[in-house]
Every structure is written in C-alpha cells, then in structure tokens.
>>> print(open('start13.pdb').read())   # PDB, C-alpha atoms, pLDDT in the B column
ATOM      1  CA  MET P 384      17.917   8.338  13.874  1.00 72.00           C
ATOM      2  CA  GLY P 385      14.435   6.881  14.224  1.00 94.00           C
ATOM      3  CA  SER P 386      12.439   4.138  12.617  1.00 97.00           C
ATOM      4  CA  ALA P 387      11.871   3.227   8.988  1.00 98.00           C
ATOM      5  CA  LEU P 388       9.025   1.183   7.557  1.00 98.00           C
ATOM      6  CA  LEU P 389       9.553  -0.960   4.472  1.00 98.00           C
ATOM      7  CA  VAL P 390       6.229  -1.641   2.744  1.00 98.00           C
ATOM      8  CA  LEU P 391       6.664  -4.696   0.557  1.00 97.00           C
ATOM      9  CA  GLY P 392       4.660  -5.396  -2.556  1.00 94.00           C
ATOM     10  CA  CYS P 393       3.775  -8.708  -4.124  1.00 93.00           C
ATOM     11  CA  PRO P 394       7.030 -10.714  -4.194  1.00 95.00           C
ATOM     12  CA  GLN P 395       6.557 -11.961  -7.756  1.00 93.00           C
ATOM     13  CA  VAL P 396       9.383  -9.699  -8.989  1.00 95.00           C
ATOM     14  CA  PRO P 397      12.643 -11.207  -7.631  1.00 95.00           C
ATOM     15  CA  VAL P 398      14.568  -7.993  -6.896  1.00 97.00           C
ATOM     16  CA  GLN P 399      12.270  -6.992  -4.047  1.00 97.00           C
ATOM     17  CA  THR P 400      13.669  -9.401  -1.457  1.00 96.00           C
ATOM     18  CA  SER P 401      17.287  -8.637  -2.357  1.00 96.00           C
ATOM     19  CA  ILE P 402      16.838  -4.862  -2.299  1.00 97.00           C
ATOM     20  CA  ALA P 403      14.843  -5.027   0.924  1.00 98.00           C
ATOM     21  CA  LEU P 404      17.683  -6.832   2.714  1.00 97.00           C
ATOM     22  CA  TYR P 405      20.210  -4.389   1.251  1.00 98.00           C
ATOM     23  CA  LEU P 406      18.139  -1.380   2.323  1.00 98.00           C
ATOM     24  CA  ILE P 407      17.636  -2.807   5.810  1.00 98.00           C
ATOM     25  CA  ASN P 408      21.395  -3.210   6.154  1.00 97.00           C
ATOM     26  CA  ARG P 409      22.111   0.358   5.066  1.00 97.00           C
ATOM     27  CA  LEU P 410      19.393   1.766   7.309  1.00 97.00           C
ATOM     28  CA  LYS P 411      20.685  -0.144  10.340  1.00 97.00           C
ATOM     29  CA  LYS P 412      24.246   1.031   9.715  1.00 96.00           C
ATOM     30  CA  SER P 413      22.916   4.594   9.693  1.00 96.00           C
ATOM     31  CA  GLY P 414      21.137   4.084  12.993  1.00 96.00           C
ATOM     32  CA  PHE P 415      17.572   3.527  11.799  1.00 97.00           C
ATOM     33  CA  VAL P 416      15.398   0.789  13.223  1.00 98.00           C
ATOM     34  CA  PRO P 417      13.865  -0.901  10.174  1.00 98.00           C
ATOM     35  CA  VAL P 418      10.444  -2.526  10.347  1.00 98.00           C
ATOM     36  CA  VAL P 419       9.114  -4.660   7.500  1.00 98.00           C
ATOM     37  CA  ALA P 420       5.427  -4.842   6.552  1.00 98.00           C
ATOM     38  CA  GLY P 421       4.238  -7.177   3.828  1.00 97.00           C
ATOM     39  CA  ASN P 422       1.872  -9.964   3.019  1.00 96.00           C
ATOM     40  CA  LYS P 423       2.634 -13.477   4.191  1.00 96.00           C
ATOM     41  CA  ALA P 424       4.610 -14.511   1.102  1.00 96.00           C
ATOM     42  CA  ALA P 425       6.744 -11.370   0.967  1.00 97.00           C
ATOM     43  CA  ASN P 426       7.531 -11.538   4.684  1.00 97.00           C
ATOM     44  CA  THR P 427       8.303 -15.255   4.602  1.00 97.00           C
ATOM     45  CA  LEU P 428      10.815 -14.803   1.779  1.00 97.00           C
ATOM     46  CA  LEU P 429      12.763 -12.439   4.008  1.00 97.00           C
ATOM     47  CA  VAL P 430      12.439 -14.447   7.215  1.00 97.00           C
ATOM     48  CA  ILE P 431      13.634 -17.651   5.553  1.00 96.00           C
ATOM     49  CA  ALA P 432      16.565 -15.832   3.944  1.00 94.00           C
ATOM     50  CA  ASP P 433      17.726 -14.392   7.272  1.00 95.00           C
ATOM     51  CA  PRO P 434      17.085 -17.100   9.906  1.00 95.00           C
ATOM     52  CA  ASP P 435      19.444 -15.622  12.496  1.00 96.00           C
ATOM     53  CA  ARG P 436      18.008 -12.163  11.961  1.00 95.00           C
ATOM     54  CA  HIS P 437      21.314 -10.536  11.083  1.00 95.00           C
ATOM     55  CA  TYR P 438      19.371  -8.003   9.043  1.00 95.00           C
ATOM     56  CA  LEU P 439      15.700  -8.339   9.889  1.00 97.00           C
ATOM     57  CA  GLY P 440      14.162  -6.826  12.961  1.00 96.00           C
ATOM     58  CA  GLU P 441      10.440  -6.519  13.412  1.00 97.00           C
ATOM     59  CA  VAL P 442       8.289  -8.025  10.667  1.00 98.00           C
ATOM     60  CA  MET P 443       4.562  -7.406  10.594  1.00 97.00           C
ATOM     61  CA  ASP P 444       1.493  -8.023   8.474  1.00 97.00           C
ATOM     62  CA  LEU P 445       0.835  -5.216   5.999  1.00 97.00           C
ATOM     63  CA  ASP P 446      -2.845  -4.829   6.883  1.00 94.00           C
ATOM     64  CA  ARG P 447      -1.902  -4.550  10.555  1.00 96.00           C
ATOM     65  CA  ALA P 448       0.654  -1.863   9.784  1.00 97.00           C
ATOM     66  CA  VAL P 449      -1.906   0.162   7.820  1.00 97.00           C
ATOM     67  CA  ALA P 450      -4.407  -0.204  10.657  1.00 96.00           C
ATOM     68  CA  MET P 451      -1.949   0.907  13.342  1.00 97.00           C
ATOM     69  CA  ILE P 452      -0.814   3.953  11.389  1.00 98.00           C
ATOM     70  CA  SER P 453      -4.388   4.890  10.431  1.00 97.00           C
ATOM     71  CA  ASP P 454      -5.459   4.616  14.066  1.00 96.00           C
ATOM     72  CA  LYS P 455      -2.482   6.804  15.129  1.00 96.00           C
ATOM     73  CA  LYS P 456      -1.109   4.030  17.318  1.00 97.00           C
ATOM     74  CA  ARG P 457       2.227   4.000  15.568  1.00 97.00           C
ATOM     75  CA  ASP P 458       4.229   5.931  12.996  1.00 97.00           C
ATOM     76  CA  PHE P 459       7.675   6.065  11.429  1.00 98.00           C
ATOM     77  CA  GLU P 460      10.221   8.661  10.362  1.00 97.00           C
ATOM     78  CA  ARG P 461      10.750   7.178   6.906  1.00 97.00           C
ATOM     79  CA  CYS P 462       8.659   4.893   4.756  1.00 98.00           C
ATOM     80  CA  PHE P 463       9.890   2.930   1.753  1.00 98.00           C
ATOM     81  CA  VAL P 464       7.211   1.519  -0.529  1.00 98.00           C
ATOM     82  CA  PHE P 465       8.128  -1.162  -3.073  1.00 98.00           C
ATOM     83  CA  ILE P 466       6.152  -0.716  -6.295  1.00 97.00           C
ATOM     84  CA  HIS P 467       5.908  -2.876  -9.378  1.00 96.00           C
ATOM     85  CA  ASN P 468       2.154  -2.772 -10.020  1.00 95.00           C
ATOM     86  CA  ASP P 469      -0.929  -0.594  -9.569  1.00 95.00           C
ATOM     87  CA  ALA P 470      -1.493  -1.891  -6.047  1.00 95.00           C
ATOM     88  CA  GLY P 471       1.938  -0.594  -5.070  1.00 96.00           C
ATOM     89  CA  ILE P 472       0.954   2.905  -6.207  1.00 97.00           C
ATOM     90  CA  SER P 473      -2.170   2.666  -4.043  1.00 97.00           C
ATOM     91  CA  TYR P 474      -0.179   1.586  -1.002  1.00 97.00           C
ATOM     92  CA  ALA P 475       2.343   4.392  -1.489  1.00 98.00           C
ATOM     93  CA  ALA P 476      -0.408   7.017  -1.800  1.00 97.00           C
ATOM     94  CA  THR P 477      -2.001   5.569   1.310  1.00 98.00           C
ATOM     95  CA  MET P 478       1.211   5.815   3.304  1.00 98.00           C
ATOM     96  CA  GLY P 479       1.616   9.408   2.154  1.00 97.00           C
ATOM     97  CA  ALA P 480      -1.874  10.187   3.412  1.00 97.00           C
ATOM     98  CA  ILE P 481      -1.919   8.344   6.746  1.00 98.00           C
ATOM     99  CA  SER P 482       1.701   8.633   7.895  1.00 98.00           C
ATOM    100  CA  ARG P 483       3.887  11.552   8.828  1.00 97.00           C
ATOM    101  CA  ALA P 484       6.909   9.684   7.467  1.00 97.00           C
ATOM    102  CA  LYS P 485       9.016  10.947   4.605  1.00 97.00           C
ATOM    103  CA  VAL P 486       7.954   8.617   1.787  1.00 98.00           C
ATOM    104  CA  PHE P 487      10.342   7.016  -0.712  1.00 98.00           C
ATOM    105  CA  THR P 488       8.951   4.937  -3.565  1.00 98.00           C
ATOM    106  CA  LEU P 489      11.102   2.171  -5.019  1.00 98.00           C
ATOM    107  CA  VAL P 490       9.716   1.535  -8.499  1.00 98.00           C
ATOM    108  CA  TYR P 491      10.974  -1.414 -10.508  1.00 97.00           C
ATOM    109  CA  GLY P 492       9.857  -4.163 -12.850  1.00 96.00           C
ATOM    110  CA  GLU P 493       9.328  -4.379 -16.573  1.00 94.00           C
ATOM    111  CA  HIS P 494       6.934  -1.391 -16.705  1.00 93.00           C
ATOM    112  CA  TYR P 495       8.568   0.823 -14.098  1.00 97.00           C
ATOM    113  CA  ASP P 496       8.418   3.946 -16.290  1.00 96.00           C
ATOM    114  CA  ASP P 497       4.625   3.718 -16.724  1.00 96.00           C
ATOM    115  CA  LEU P 498       4.259   3.385 -12.967  1.00 97.00           C
ATOM    116  CA  VAL P 499       6.472   6.397 -12.273  1.00 97.00           C
ATOM    117  CA  LYS P 500       4.161   8.525 -14.441  1.00 97.00           C
ATOM    118  CA  GLN P 501       1.248   7.618 -12.161  1.00 95.00           C
ATOM    119  CA  ILE P 502       2.938   8.947  -9.035  1.00 96.00           C
ATOM    120  CA  ASP P 503       1.403  12.375  -8.453  1.00 94.00           C
ATOM    121  CA  PHE P 504       1.734  12.601  -4.681  1.00 95.00           C
ATOM    122  CA  PRO P 505       4.688  13.911  -2.633  1.00 96.00           C
ATOM    123  CA  CYS P 506       7.505  11.371  -2.365  1.00 97.00           C
ATOM    124  CA  THR P 507      11.049  10.736  -3.487  1.00 97.00           C
ATOM    125  CA  VAL P 508      11.011   8.392  -6.467  1.00 98.00           C
ATOM    126  CA  ILE P 509      13.799   5.818  -6.816  1.00 98.00           C
ATOM    127  CA  ALA P 510      13.252   3.915 -10.051  1.00 97.00           C
ATOM    128  CA  ALA P 511      15.012   1.472 -12.358  1.00 97.00           C
ATOM    129  CA  LYS P 512      14.186  -1.258 -14.823  1.00 96.00           C
ATOM    130  CA  ALA P 513      15.014  -4.170 -12.576  1.00 95.00           C
ATOM    131  CA  VAL P 514      13.319  -7.553 -12.626  1.00 95.00           C
ATOM    132  CA  HIS P 515      15.857 -10.297 -11.909  1.00 96.00           C
ATOM    133  CA  ASN P 516      19.003  -8.231 -11.568  1.00 97.00           C
ATOM    134  CA  PRO P 517      18.896  -5.929  -8.520  1.00 97.00           C
ATOM    135  CA  LEU P 518      21.949  -3.870  -9.501  1.00 98.00           C
ATOM    136  CA  PRO P 519      20.105  -1.120 -11.464  1.00 97.00           C
ATOM    137  CA  LEU P 520      17.796  -0.512  -8.522  1.00 98.00           C
ATOM    138  CA  LYS P 521      20.674  -0.692  -6.040  1.00 98.00           C
ATOM    139  CA  LYS P 522      22.493   1.940  -8.096  1.00 98.00           C
ATOM    140  CA  ALA P 523      19.454   4.221  -8.112  1.00 97.00           C
ATOM    141  CA  LEU P 524      19.049   3.691  -4.369  1.00 98.00           C
ATOM    142  CA  ASP P 525      22.704   4.502  -3.679  1.00 97.00           C
ATOM    143  CA  GLU P 526      22.435   7.724  -5.674  1.00 97.00           C
ATOM    144  CA  VAL P 527      19.621   8.939  -3.423  1.00 97.00           C
ATOM    145  CA  SER P 528      21.092   7.439  -0.240  1.00 97.00           C
ATOM    146  CA  PRO P 529      17.849   7.713   1.730  1.00 96.00           C
ATOM    147  CA  TRP P 530      19.587   6.369   4.829  1.00 95.00           C
ATOM    148  CA  ALA P 531      21.605   9.572   5.086  1.00 91.00           C
ATOM    149  CA  ALA P 532      20.508  12.145   7.616  1.00 65.00           C
TER
ATOM    150  CA  MET M 205      -8.126  -9.405   6.185  1.00 42.00           C
ATOM    151  CA  GLY M 206     -10.720 -11.344   8.088  1.00 49.00           C
ATOM    152  CA  CYS M 207     -14.254 -10.081   8.212  1.00 71.00           C
ATOM    153  CA  VAL M 208     -14.783  -8.731   4.693  1.00 79.00           C
ATOM    154  CA  GLU M 209     -13.432 -11.834   3.017  1.00 79.00           C
ATOM    155  CA  SER M 210     -15.730 -14.039   5.072  1.00 82.00           C
ATOM    156  CA  MET M 211     -18.840 -11.986   4.278  1.00 84.00           C
ATOM    157  CA  ASN M 212     -21.041 -12.169   1.214  1.00 90.00           C
ATOM    158  CA  TYR M 213     -19.741  -9.855  -1.436  1.00 93.00           C
ATOM    159  CA  GLU M 214     -20.035  -9.337  -5.152  1.00 95.00           C
ATOM    160  CA  ILE M 215     -17.027  -8.354  -7.229  1.00 96.00           C
ATOM    161  CA  LEU M 216     -18.083  -5.574  -9.603  1.00 96.00           C
ATOM    162  CA  LEU M 217     -14.610  -4.980 -11.074  1.00 96.00           C
ATOM    163  CA  ARG M 218     -11.304  -6.777 -11.036  1.00 93.00           C
ATOM    164  CA  ASP M 219      -8.013  -6.346 -12.926  1.00 84.00           C
ATOM    165  CA  GLN M 220      -8.627  -2.598 -13.109  1.00 87.00           C
ATOM    166  CA  SER M 221      -6.471   0.224 -11.831  1.00 91.00           C
ATOM    167  CA  PHE M 222      -7.442   2.003  -8.657  1.00 93.00           C
ATOM    168  CA  LYS M 223      -8.339   5.134 -10.637  1.00 93.00           C
ATOM    169  CA  GLU M 224     -10.595   3.146 -12.963  1.00 94.00           C
ATOM    170  CA  CYS M 225     -12.435   1.772  -9.943  1.00 95.00           C
ATOM    171  CA  ARG M 226     -12.922   5.304  -8.608  1.00 96.00           C
ATOM    172  CA  GLU M 227     -14.302   6.503 -11.935  1.00 96.00           C
ATOM    173  CA  TYR M 228     -16.655   3.529 -12.092  1.00 97.00           C
ATOM    174  CA  VAL M 229     -18.138   4.441  -8.711  1.00 97.00           C
ATOM    175  CA  ARG M 230     -18.571   8.072  -9.700  1.00 96.00           C
ATOM    176  CA  GLN M 231     -20.186   7.201 -13.022  1.00 96.00           C
ATOM    177  CA  HIS M 232     -22.474   4.408 -11.880  1.00 96.00           C
ATOM    178  CA  PHE M 233     -23.694   5.536  -8.466  1.00 96.00           C
ATOM    179  CA  LYS M 234     -25.694   8.693  -7.923  1.00 94.00           C
ATOM    180  CA  GLU M 235     -24.832   8.548  -4.257  1.00 96.00           C
ATOM    181  CA  TYR M 236     -21.211   8.324  -3.200  1.00 96.00           C
ATOM    182  CA  ILE M 237     -18.828   9.743  -0.634  1.00 96.00           C
ATOM    183  CA  ASP M 238     -15.164  10.646  -1.024  1.00 96.00           C
ATOM    184  CA  VAL M 239     -12.916   9.587   1.842  1.00 97.00           C
ATOM    185  CA  GLN M 240      -9.209   9.539   2.573  1.00 97.00           C
ATOM    186  CA  PRO M 241      -6.954   6.450   2.676  1.00 97.00           C
ATOM    187  CA  GLY M 242      -7.149   4.673   6.009  1.00 97.00           C
ATOM    188  CA  PHE M 243     -10.889   5.355   6.314  1.00 97.00           C
ATOM    189  CA  LYS M 244     -12.537   2.287   7.808  1.00 96.00           C
ATOM    190  CA  VAL M 245     -15.325   0.375   6.064  1.00 96.00           C
ATOM    191  CA  PHE M 246     -16.381  -2.742   7.955  1.00 93.00           C
ATOM    192  CA  ASP M 247     -13.017  -3.945   9.325  1.00 88.00           C
ATOM    193  CA  VAL M 248     -10.988  -2.640   6.383  1.00 92.00           C
ATOM    194  CA  HIS M 249      -8.800   0.442   6.363  1.00 96.00           C
ATOM    195  CA  LEU M 250      -9.133   1.499   2.750  1.00 97.00           C
ATOM    196  CA  ILE M 251      -6.064   1.577   0.530  1.00 97.00           C
ATOM    197  CA  GLY M 252      -5.908   3.915  -2.432  1.00 96.00           C
ATOM    198  CA  ILE M 253      -5.033   7.182  -4.072  1.00 96.00           C
ATOM    199  CA  PRO M 254      -7.065   9.973  -2.491  1.00 96.00           C
ATOM    200  CA  PRO M 255      -9.891  10.643  -2.794  1.00 96.00           C
ATOM    201  CA  ILE M 256     -11.375   7.174  -2.457  1.00 97.00           C
ATOM    202  CA  ALA M 257     -14.953   6.981  -3.728  1.00 97.00           C
ATOM    203  CA  ILE M 258     -17.452   4.778  -1.880  1.00 97.00           C
ATOM    204  CA  GLY M 259     -20.760   4.159  -3.642  1.00 97.00           C
ATOM    205  CA  LEU M 260     -24.044   3.825  -1.794  1.00 97.00           C
ATOM    206  CA  GLU M 261     -27.178   2.246  -3.231  1.00 96.00           C
ATOM    207  CA  GLY M 262     -29.876   1.478  -0.701  1.00 96.00           C
ATOM    208  CA  ASP M 263     -28.270  -0.848   1.828  1.00 97.00           C
ATOM    209  CA  PHE M 264     -25.443  -1.742  -0.563  1.00 97.00           C
ATOM    210  CA  ILE M 265     -21.940  -0.339  -0.199  1.00 97.00           C
ATOM    211  CA  VAL M 266     -19.463  -0.311  -3.092  1.00 97.00           C
ATOM    212  CA  PHE M 267     -15.826   0.184  -2.204  1.00 97.00           C
ATOM    213  CA  PRO M 268     -12.307  -0.602  -3.482  1.00 96.00           C
ATOM    214  CA  TYR M 269     -10.400  -3.424  -1.833  1.00 95.00           C
ATOM    215  CA  THR M 270      -6.694  -3.606  -2.645  1.00 94.00           C
ATOM    216  CA  LYS M 271      -4.291  -6.496  -2.099  1.00 92.00           C
ATOM    217  CA  PRO M 272      -0.580  -6.388  -3.044  1.00 93.00           C
ATOM    218  CA  CYS M 273      -0.637  -9.356  -5.422  1.00 91.00           C
ATOM    219  CA  HIS M 274      -4.124  -9.062  -6.847  1.00 90.00           C
ATOM    220  CA  GLY M 275      -4.599  -5.330  -7.312  1.00 92.00           C
ATOM    221  CA  THR M 276      -7.846  -3.535  -6.652  1.00 94.00           C
ATOM    222  CA  PHE M 277     -11.262  -5.171  -6.580  1.00 95.00           C
ATOM    223  CA  LEU M 278     -14.440  -3.162  -6.473  1.00 96.00           C
ATOM    224  CA  LEU M 279     -16.687  -4.933  -3.963  1.00 96.00           C
ATOM    225  CA  ARG M 280     -20.434  -4.614  -3.415  1.00 97.00           C
ATOM    226  CA  MET M 281     -21.731  -5.630  -0.003  1.00 96.00           C
ATOM    227  CA  GLU M 282     -25.048  -5.270   1.800  1.00 95.00           C
ATOM    228  CA  ASP M 283     -25.191  -3.966   5.344  1.00 95.00           C
ATOM    229  CA  THR M 284     -27.940  -1.684   6.619  1.00 96.00           C
ATOM    230  CA  ALA M 285     -26.051  -0.329   9.618  1.00 96.00           C
ATOM    231  CA  GLU M 286     -22.800   0.311   7.759  1.00 96.00           C
ATOM    232  CA  ALA M 287     -24.626   2.042   4.881  1.00 96.00           C
ATOM    233  CA  ALA M 288     -26.374   4.304   7.390  1.00 96.00           C
ATOM    234  CA  ARG M 289     -23.076   5.084   9.124  1.00 96.00           C
ATOM    235  CA  LEU M 290     -21.410   5.961   5.834  1.00 96.00           C
ATOM    236  CA  ARG M 291     -24.270   8.292   4.877  1.00 95.00           C
ATOM    237  CA  THR M 292     -23.396  10.430   7.867  1.00 95.00           C
ATOM    238  CA  PHE M 293     -20.199  11.309   5.962  1.00 91.00           C
ATOM    239  CA  ARG M 294     -22.064  12.217   2.800  1.00 81.00           C
ATOM    240  CA  LYS M 295     -21.328  15.600   1.269  1.00 63.00           C
ATOM    241  CA  LYS M 296     -22.722  15.134  -2.218  1.00 49.00           C
ATOM    242  CA  THR M 297     -25.419  13.022  -3.832  1.00 45.00           C
TER
END
>>> encode(input="start13.pdb", output="structure tokens")
Amino acid sequence: MGSALLVLGCPQVPVQTSIALYLINRLKKSGFVPVVAGNKAANTLLVIADPDRHYLGEVMDLDRAVAMISDKKRDFERCFVFIHNDAGISYAATMGAISRAKVFTLVYGEHYDDLVKQIDFPCTVIAAKAVHNPLPLKKALDEVSPWAA
Amino acid sequence: MGCVESMNYEILLRDQSFKECREYVRQHFKEYIDVQPGFKVFDVHLIGIPPIAIGLEGDFIVFPYTKPCHGTFLLRMEDTAEAARLRTFRKKT
C-alpha cells in the first residue's frame, strides 16, 4: 500500500497520542507502513506508551522529516497532520507544498472550528471538538477511513 | 534546530499567527522575497502557508520560524553572505 507519515503537533492536547496510536494500528492493518514525525515530547509520549513497538515503527524528529522531504530524499503516499493550533496549520500547508503525499488534516481541540476555517489548501479535513475524549475524533476518522485504498 | 537557535537573533514578533507574521514583513520591509515552504534559510527549512515572506534590510534577514508548541516567531538575524544569497531570489522590491 505504501508509506504514511504522521506529523504530530504539540502534545499539550491529550487526544493526539491516543488517536495517533489508533491511526497507526488502522494503517498497519491496511498494509501501510506508518512513520511518525514529531518533536521530542510528542515522540516520547508514543515511544513510552508502546515499549515493545506493537504499533510504532519508525519515529523521527519533525525538523528532520521536513528537511528530507524538502530535499527530495524521501516522500510518502499519505500524510496525516495533527492540528490544534496555528503552528499545525503551517505544518500542514508545508506538507502540502513539499510532499507529493495525499494530505489529511486531523483538527481537534477547543477551537477546532476556527482552525478549520483557516485551511485553504488542498487536503481532506477530519475535524471534531476533542480535547480529553478521543471518541469524537475517532468517529470522524472512521467516517473518512483514510486507511482505505 | 541547531544553528539558528545558537546564533544571535532578535524576536520581532511572537504569539502571532503565521499570516500576521507575513503581513508584518510585507508592511514593514520595502525589500522582501516570497518563497515556498521548505525553502532553506541558514539551516532552517521554512515552515508556513505559502507564500512565505522573507524581509531584507541591509545585512539583516527577517523570517518566520515555527515550532509545534510555540507557534511562529518572526526572527531578525544579521548575516552578510546569507542576505546576499537571498537577494539573488528577489523578484520585487
């Protein structure tokens, strides 16, 4: 099926780590090779939660991922960008510009609807008001089923 | 990020959206270039919503620097060689 990049945002909103593990699981079951890119805190939350790497595969620094894609040294078939602040919008727009991947934006948090309005670049938006409870975002994700062919 | 964070820089804006930083560059610098995300300034591949505006003022370079947890900073740094390199991309003044 190919590879999928998960671009993590700041981990201050709890649902990110839960939804990332869920998405990784669904992608792997569909044959994708998921790769996670985040800052140190976001990556460490995942690595500690999955010590035997039942879900996680490759985990890399976000700046390194941006550099490799920008320099055309690596690319992915799908890219999932986690967004709960303005920086997340910037990262998603960047991925849309530098990568050939089909971009999905996962928008969540208290102000998710304001963030969705700022997305004016090509991508599939998956959005829900989810802060502590991941179920609304999981439901939105399942409806789109981005792991399907 | 390495190099940029260890160099001397001035923060012109913080706690602003990326678009506000772009407008600030366009309104406050007569000389600027528009580049695409991933464009390299110093050792940084720029993050942002295209186009990304980079201001030039003598040997000073003004550019957005985005981190996931802290949002976008507008940085001002001095570097003669980098300013000269960026001017080769200039389309408007």
>>> resolve_selection(input="start13.pdb", expression="the PyMOL selection byres ((chain P and resi 503) around 12)", output="number ranges by chain")
P: 472-473, 475-476, 479, 488, 498-502, 504-508; M: 253-254
>>> resolve_selection(input="start13.pdb", expression="the PyMOL selection byres ((chain M) within 10 of (chain P))", output="VMD selection string")
chain M and resid 205 219 to 223 240 to 244 247 to 254 269 to 276
>>> atom_distance(input="start13.pdb", atom1="atom CA of P:Tyr491", atom2="atom CA of M:Leu217")
25.8 Å
>>> atom_distance(input="start13.pdb", atom1="atom CA of P:Ala484", atom2="atom CA of P:Val416")
13.6 Å
>>> axis_aligned_box(input="start13.pdb", around="stretch 272-282 of chain M", padding_each_side="8 Å", output="JSON")
{"center_x": -12.8, "center_y": -6.3, "center_z": -2.8, "size_x": 40.5, "size_y": 22.2, "size_z": 25.1}
>>> atom_distance(input="start13.pdb", atom1="atom CA of P:Trp530", atom2="atom CA of P:Ala403")
12.9 Å
>>> closest_residue(input="start13.pdb", among="M:Leu279, M:Val266, M:Val245, M:Leu290", to="M:His232", atoms="only C-alpha atoms")
M:Val266
>>> build_atoms(input="start13.pdb", residues="stretch 492-510 of chain P", atoms="N, CA and C atoms", output="PDB file, keeping the file's coordinate frame")
ATOM      1  N   GLY P 492      10.661  -3.277 -12.014  1.00 96.00           N
ATOM      2  CA  GLY P 492       9.857  -4.163 -12.850  1.00 96.00           C
ATOM      3  C   GLY P 492       9.928  -3.770 -14.307  1.00 96.00           C
ATOM      4  N   GLU P 493       9.285  -4.562 -15.121  1.00 94.00           N
ATOM      5  CA  GLU P 493       9.328  -4.379 -16.573  1.00 94.00           C
ATOM      6  C   GLU P 493       8.723  -3.039 -16.997  1.00 94.00           C
ATOM      7  N   HIS P 494       7.668  -2.595 -16.304  1.00 93.00           N
ATOM      8  CA  HIS P 494       6.934  -1.391 -16.705  1.00 93.00           C
ATOM      9  C   HIS P 494       7.128  -0.254 -15.692  1.00 93.00           C
ATOM     10  N   TYR P 495       8.328  -0.140 -15.168  1.00 97.00           N
ATOM     11  CA  TYR P 495       8.568   0.823 -14.098  1.00 97.00           C
ATOM     12  C   TYR P 495       8.293   2.255 -14.550  1.00 97.00           C
ATOM     13  N   ASP P 496       8.587   2.556 -15.842  1.00 96.00           N
ATOM     14  CA  ASP P 496       8.418   3.946 -16.290  1.00 96.00           C
ATOM     15  C   ASP P 496       6.940   4.346 -16.356  1.00 96.00           C
ATOM     16  N   ASP P 497       6.071   3.427 -16.738  1.00 96.00           N
ATOM     17  CA  ASP P 497       4.625   3.718 -16.724  1.00 96.00           C
ATOM     18  C   ASP P 497       4.135   3.966 -15.301  1.00 96.00           C
ATOM     19  N   LEU P 498       4.673   3.213 -14.361  1.00 97.00           N
ATOM     20  CA  LEU P 498       4.259   3.385 -12.967  1.00 97.00           C
ATOM     21  C   LEU P 498       4.726   4.720 -12.410  1.00 97.00           C
ATOM     22  N   VAL P 499       5.947   5.113 -12.766  1.00 97.00           N
ATOM     23  CA  VAL P 499       6.472   6.397 -12.273  1.00 97.00           C
ATOM     24  C   VAL P 499       5.565   7.546 -12.708  1.00 97.00           C
ATOM     25  N   LYS P 500       5.031   7.461 -13.933  1.00 97.00           N
ATOM     26  CA  LYS P 500       4.161   8.525 -14.441  1.00 97.00           C
ATOM     27  C   LYS P 500       2.875   8.660 -13.628  1.00 97.00           C
ATOM     28  N   GLN P 501       2.489   7.596 -12.943  1.00 95.00           N
ATOM     29  CA  GLN P 501       1.248   7.618 -12.161  1.00 95.00           C
ATOM     30  C   GLN P 501       1.445   8.209 -10.764  1.00 95.00           C
ATOM     31  N   ILE P 502       2.679   8.437 -10.386  1.00 96.00           N
ATOM     32  CA  ILE P 502       2.938   8.947  -9.035  1.00 96.00           C
ATOM     33  C   ILE P 502       2.776  10.460  -9.044  1.00 96.00           C
ATOM     34  N   ASP P 503       1.666  10.940  -8.471  1.00 94.00           N
ATOM     35  CA  ASP P 503       1.403  12.375  -8.453  1.00 94.00           C
ATOM     36  C   ASP P 503       1.201  12.883  -7.025  1.00 94.00           C
ATOM     37  N   PHE P 504       1.810  12.193  -6.082  1.00 95.00           N
ATOM     38  CA  PHE P 504       1.734  12.601  -4.681  1.00 95.00           C
ATOM     39  C   PHE P 504       3.161  12.816  -4.169  1.00 95.00           C
ATOM     40  N   PRO P 505       3.334  13.581  -3.095  1.00 96.00           N
ATOM     41  CA  PRO P 505       4.688  13.911  -2.633  1.00 96.00           C
ATOM     42  C   PRO P 505       5.467  12.672  -2.174  1.00 96.00           C
ATOM     43  N   CYS P 506       6.608  12.459  -2.776  1.00 97.00           N
ATOM     44  CA  CYS P 506       7.505  11.371  -2.365  1.00 97.00           C
ATOM     45  C   CYS P 506       8.794  11.507  -3.160  1.00 97.00           C
ATOM     46  N   THR P 507       9.805  10.810  -2.723  1.00 97.00           N
ATOM     47  CA  THR P 507      11.049  10.736  -3.487  1.00 97.00           C
ATOM     48  C   THR P 507      11.036   9.435  -4.277  1.00 97.00           C
ATOM     49  N   VAL P 508      11.099   9.564  -5.603  1.00 98.00           N
ATOM     50  CA  VAL P 508      11.011   8.392  -6.467  1.00 98.00           C
ATOM     51  C   VAL P 508      12.405   7.827  -6.751  1.00 98.00           C
ATOM     52  N   ILE P 509      12.561   6.539  -6.503  1.00 98.00           N
ATOM     53  CA  ILE P 509      13.799   5.818  -6.816  1.00 98.00           C
ATOM     54  C   ILE P 509      13.383   4.718  -7.785  1.00 98.00           C
ATOM     55  N   ALA P 510      13.814   4.812  -9.045  1.00 97.00           N
ATOM     56  CA  ALA P 510      13.252   3.915 -10.051  1.00 97.00           C
ATOM     57  C   ALA P 510      14.328   3.347 -10.964  1.00 97.00           C
TER      58      ALA P 510
END
